[in-house]
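Encoded as structure tokens, the structure appears first; notes follow it.
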Amino acid sequence: MSSSGAGEEGPLPVELRKGANGLDKVVLRQGPRISAEVYLYGGHVTSWKDQFGEELLFVSNKAIFKPPKAIRGGIPICFPQFSNFGHLEAHGFARNKIWTVDTDPPPFPVPISSRAYIDLILKPTDEDLKIWPHSFEYRLRIALGPGGDLMLTSRIRNTNADGKPFSFTFAYHTYFSISDISEIRVEGLETLDYLDNLQDRARFTEQGDAIVFESELDRIYLGTPSKIAIIDHEKKRTFVVRKGGLPDAVVWNPWDKKAKAMADFGDDEYKRMVCVEAAAIEKPITLKPGEEWTGKLELSAVPSSYYSGQLDPDRVIQDSVVPEDSVS
């Protein structure tokens with residue numbers, strides 16, 4: 001792991017440190033205040049701070065930083081199963097595993113301009129293969145752009161030696177930090193179909209011109225655009241979610257009753273968070289041996305006055321499954 005560029009120029013762009021309960025974490029920095037933190041446990045981003053040093057991700061004050069419990073908040077990675085869409089434990093096992101730093105990753109298709117990035121890798125253990133009998137390599141790059149954008153790129157490859165394909169569902173389960181849930185609008189999902197997790201995943205069509213929150217909400221929006229906006233009226237800040245290879249989007253807030261039922265979540269913390277998750281759920285991803293899938297997430301936070309619904313409207317993050325012979 002490179003950590004050059006230190007000394008009088010300022011803080012290291014990449015630094016390995018000890019976090020809560022002695023768990024290893026990587027700190028990424030752009031200048032004095034822009035930063036991100038990634039725990040090797042779960043390959044889990046737990047902090048993303050802007051140029052003012054303000055925290056943009058929500059992590060519960062009751063989060064348990066102790067394996068095998070997943071960390072409540074930040075950006076949990078749901079793989080190889082989202083929620084209970086399958087026979088594994090909810091949200092799969094990637095968020096409960098210790099990842100390793102990938103010191104020699106294959107070249108990425110698009111080189112990044114920033115030195116503030118880390119490459120992690122997850123491979124199945126013998127125990128994992130007992131519950132999900134498929135061999136894979138999951139490479140994760142987490143990068144902090146010069147302007148403070150946070151970029152996550154997942155590359156998952158089927159390394160089965162038995163010739164068998166496998167299928168999986170996936171989500172970046174992002175918890176955004178907000179002023180108050182009553183001040184939030186989510187735009188970009190209007191007129192789309194969704195599965196309502198509070199009504200046995202019955203299918204509905206979004207009728208509103210934006211999503212607002214007045215009670216518990218847990219939906220999987222289908223066939224979503226590559227860009228979604230989360231507008232925080234009180235903070236006059238807009239989060240822009242850009243994604244590639246991830247056609248679905250989960251929107252979730254537990255509200256008061258479910259918040260009280262979660263041991264690792266404060267009773268009133270639902271007011272300060274919203275999850276908008278780039279995902280592939282309705283149609284599982286299937287990989288043949290040697291094939292690789294790429295799922296990208298790019299998060300930015302801008303003053304709402306800059307956001308008029310026309311922020312790079314034609315910008316698309318490329319996806320998705322690459323055949324074996326075209327992967328370097």
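Residue numbering restarts at 1 in every chain; chains get A, B, ... in the order shown in the structure tokens, and ligands count up from 1 in that same order.
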*Where does DSSP see helix (DSSP H, G or I) in region 46-223 of chain A, if you list the residues as number ranges by chain?*
A: 94-96, 126-131, 181-183, 197-199
Pull the closest atom pair for each residue of region 4-100 of chain A that gets at most 12 Å from region 214-236 of chain A, along with the distance in Å to one decimal, counting only C-alpha atoms, ordering rows by chain and then ascending residue number, as a Markdown table.
| residue | atom | partner | partner_atom | distance |
| --- | --- | --- | --- | --- |
| A:Glu54 | CA | A:Lys235 | CA | 11.6 |
| A:Leu56 | CA | A:Lys235 | CA | 11.5 |
| A:Phe82 | CA | A:Ile220 | CA | 10.9 |
| A:Ser83 | CA | A:Ile220 | CA | 11.1 |
_Using only C-alpha atoms for the distances, tell me which of A:Lys66, A:Lys283, A:His134, A:Arg203 is nearest to Asn160 (chain A)._
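Checking each candidate against Asn160 (chain A), we get A:His134 as the closest.
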_Just the number, please: distance in Å from CA of Leu12 (chain A) to CA of Met151 (chain A), one decimal._
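If I compute the distance from CA of Leu12 (chain A) to CA of Met151 (chain A), I get 18.7 Å.
The nearest approach to Glu291 (chain A) among the residues A:Ser179, A:Gln207, A:Thr159, A:Thr174, with only C-alpha atoms taken into account, belongs to A:Thr159.
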*Spatial neighbours of Tyr117 (chain A), 8 Å, only C-alpha atoms, chain gap at least 6 places, as a ChimeraX atom specification*: /A:13-14,28,141-144
For the residues selected in the previous step, produce a file with N, CA and C atoms as a compact mmCIF listing (two decimals), in the first residue's frame.
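Output file selection.txt is given in full below:
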# COMPACT_ATOMS: atom_id res chain seq x y z
N PRO A 13 -1.99 10.44 1.86
CA PRO A 13 -3.26 10.15 1.17
C PRO A 13 -3.86 8.81 1.56
N VAL A 14 -3.00 7.86 1.99
CA VAL A 14 -3.46 6.53 2.40
C VAL A 14 -2.70 6.12 3.65
N LEU A 28 -8.29 7.45 4.01
CA LEU A 28 -7.98 8.13 2.75
C LEU A 28 -8.16 9.63 2.96
N ARG A 141 -12.26 -1.44 -5.09
CA ARG A 141 -11.45 -0.22 -5.01
C ARG A 141 -12.31 0.89 -4.42
N ILE A 142 -11.77 1.54 -3.40
CA ILE A 142 -12.43 2.69 -2.77
C ILE A 142 -11.52 3.88 -2.99
N ALA A 143 -12.04 4.92 -3.63
CA ALA A 143 -11.22 6.06 -4.01
C ALA A 143 -11.90 7.35 -3.60
N LEU A 144 -11.08 8.31 -3.23
CA LEU A 144 -11.55 9.64 -2.86
C LEU A 144 -11.01 10.61 -3.90
*Quick one: DSSP strand (DSSP E or B) residues in region 149-291 of chain A, as a PyMOL selection string?*
chain A and resi 150-158+166-172+175-177+184-187+193-196+202-205+211+217-221+227-232+237-244+248-253+273-287
*asked:* Can you measure CA of Lys123 (chain A) to CA of Trp99 (chain A) for me? One decimal in Å is fine.
replied: 8.3 Å
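Minimum atom-to-atom distances from A:Ala278, A:Ile131, A:Ala20, A:Val212 to Val240 (chain A) were compared using only C-alpha atoms, and the lowest value belongs to A:Ala278.
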*Within 9 Å of Arg72 (chain A), counting only C-alpha atoms, which residues qualify if same-chain residues fewer than 4 places away don't, as a PyMOL selection string?*
chain A and resi 58-65+76+175+264-265
*Give me, please, the distance in Å between CA of Gly266 (chain A) and CA of Phe213 (chain A), quoted to one decimal.*
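If I compute the distance from CA of Gly266 (chain A) to CA of Phe213 (chain A), I get 18.5 Å.
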*asked:* Could you list, as a list in words, every residue within 10 Å of Glu206 (chain A), counting only C-alpha atoms and ignoring same-chain residues fewer than 3 positions away?
replied: Leu189, Glu190, Thr191, Leu192, Asp193, Tyr194, Arg203, Asp209, Ala210, Ile211 and Tyr221 of chain A
*Name the closest residue to Arg201 (chain A) among the candidates A:Gly19, A:Asn84, A:Tyr270, A:Gly145; distances are taken between atoms, counting only C-alpha atoms.*
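Ranking A:Gly19, A:Asn84, A:Tyr270, A:Gly145 by distance to Arg201 (chain A), first place goes to A:Asn84.
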_Residue nearest Ala116 (chain A) among A:Thr103, A:Asn197, A:Gln30, A:Ser304 (counting only C-alpha atoms)_ =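 For Ala116 (chain A), the nearest of the given residues is A:Gln30.
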*Compare A:Trp132, A:Tyr138, A:Phe52, A:Phe168 by their minimum atom-to-atom distance to Pro32 (chain A), counting only C-alpha atoms, and give me the closest one.*
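When distances to Pro32 (chain A) are compared using only C-alpha atoms, the smallest one comes from A:Phe52.
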What lies within 8 Å of Lys243 (chain A) using only C-alpha atoms, ignoring chain neighbours under 3 positions off, as a PDB file with N, CA and C atoms, in the first residue's frame?
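Produced file result-v9.pdb, reproduced below:
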ATOM      1  N   SER A 226     -29.198   6.074 -13.955  1.00  0.00           N
ATOM      2  CA  SER A 226     -27.832   6.004 -13.440  1.00  0.00           C
ATOM      3  C   SER A 226     -27.560   7.082 -12.405  1.00  0.00           C
ATOM      4  N   LYS A 227     -28.523   7.995 -12.186  1.00  0.00           N
ATOM      5  CA  LYS A 227     -28.315   9.080 -11.233  1.00  0.00           C
ATOM      6  C   LYS A 227     -29.575   9.290 -10.397  1.00  0.00           C
ATOM      7  N   LEU A 246     -25.821  -1.487 -11.849  1.00  0.00           N
ATOM      8  CA  LEU A 246     -26.728  -1.681 -10.713  1.00  0.00           C
ATOM      9  C   LEU A 246     -28.081  -1.078 -11.057  1.00  0.00           C
ATOM     10  N   ALA A 278     -27.653   1.577  -4.206  1.00  0.00           N
ATOM     11  CA  ALA A 278     -27.477   1.082  -5.573  1.00  0.00           C
ATOM     12  C   ALA A 278     -27.396  -0.437  -5.516  1.00  0.00           C
ATOM     13  N   GLY A 295     -19.570  -3.406 -10.649  1.00  0.00           N
ATOM     14  CA  GLY A 295     -20.638  -2.548 -10.126  1.00  0.00           C
ATOM     15  C   GLY A 295     -20.024  -1.306  -9.521  1.00  0.00           C
ATOM     16  N   LYS A 296     -20.439  -0.133 -10.007  1.00  0.00           N
ATOM     17  CA  LYS A 296     -19.807   1.120  -9.595  1.00  0.00           C
ATOM     18  C   LYS A 296     -20.789   2.027  -8.865  1.00  0.00           C
ATOM     19  N   LEU A 297     -20.249   2.716  -7.875  1.00  0.00           N
ATOM     20  CA  LEU A 297     -20.995   3.710  -7.119  1.00  0.00           C
ATOM     21  C   LEU A 297     -20.127   4.953  -6.978  1.00  0.00           C
ATOM     22  N   GLU A 298     -20.708   6.100  -7.296  1.00  0.00           N
ATOM     23  CA  GLU A 298     -19.997   7.367  -7.124  1.00  0.00           C
ATOM     24  C   GLU A 298     -20.916   8.323  -6.363  1.00  0.00           C
ATOM     25  N   VAL A 316     -23.033   8.829 -17.885  1.00  0.00           N
ATOM     26  CA  VAL A 316     -23.417   7.465 -17.534  1.00  0.00           C
ATOM     27  C   VAL A 316     -22.164   6.724 -17.105  1.00  0.00           C
ATOM     28  N   ILE A 317     -22.253   5.986 -16.012  1.00  0.00           N
ATOM     29  CA  ILE A 317     -21.157   5.117 -15.607  1.00  0.00           C
ATOM     30  C   ILE A 317     -21.343   3.785 -16.321  1.00  0.00           C
TER      31      ILE A 317
END
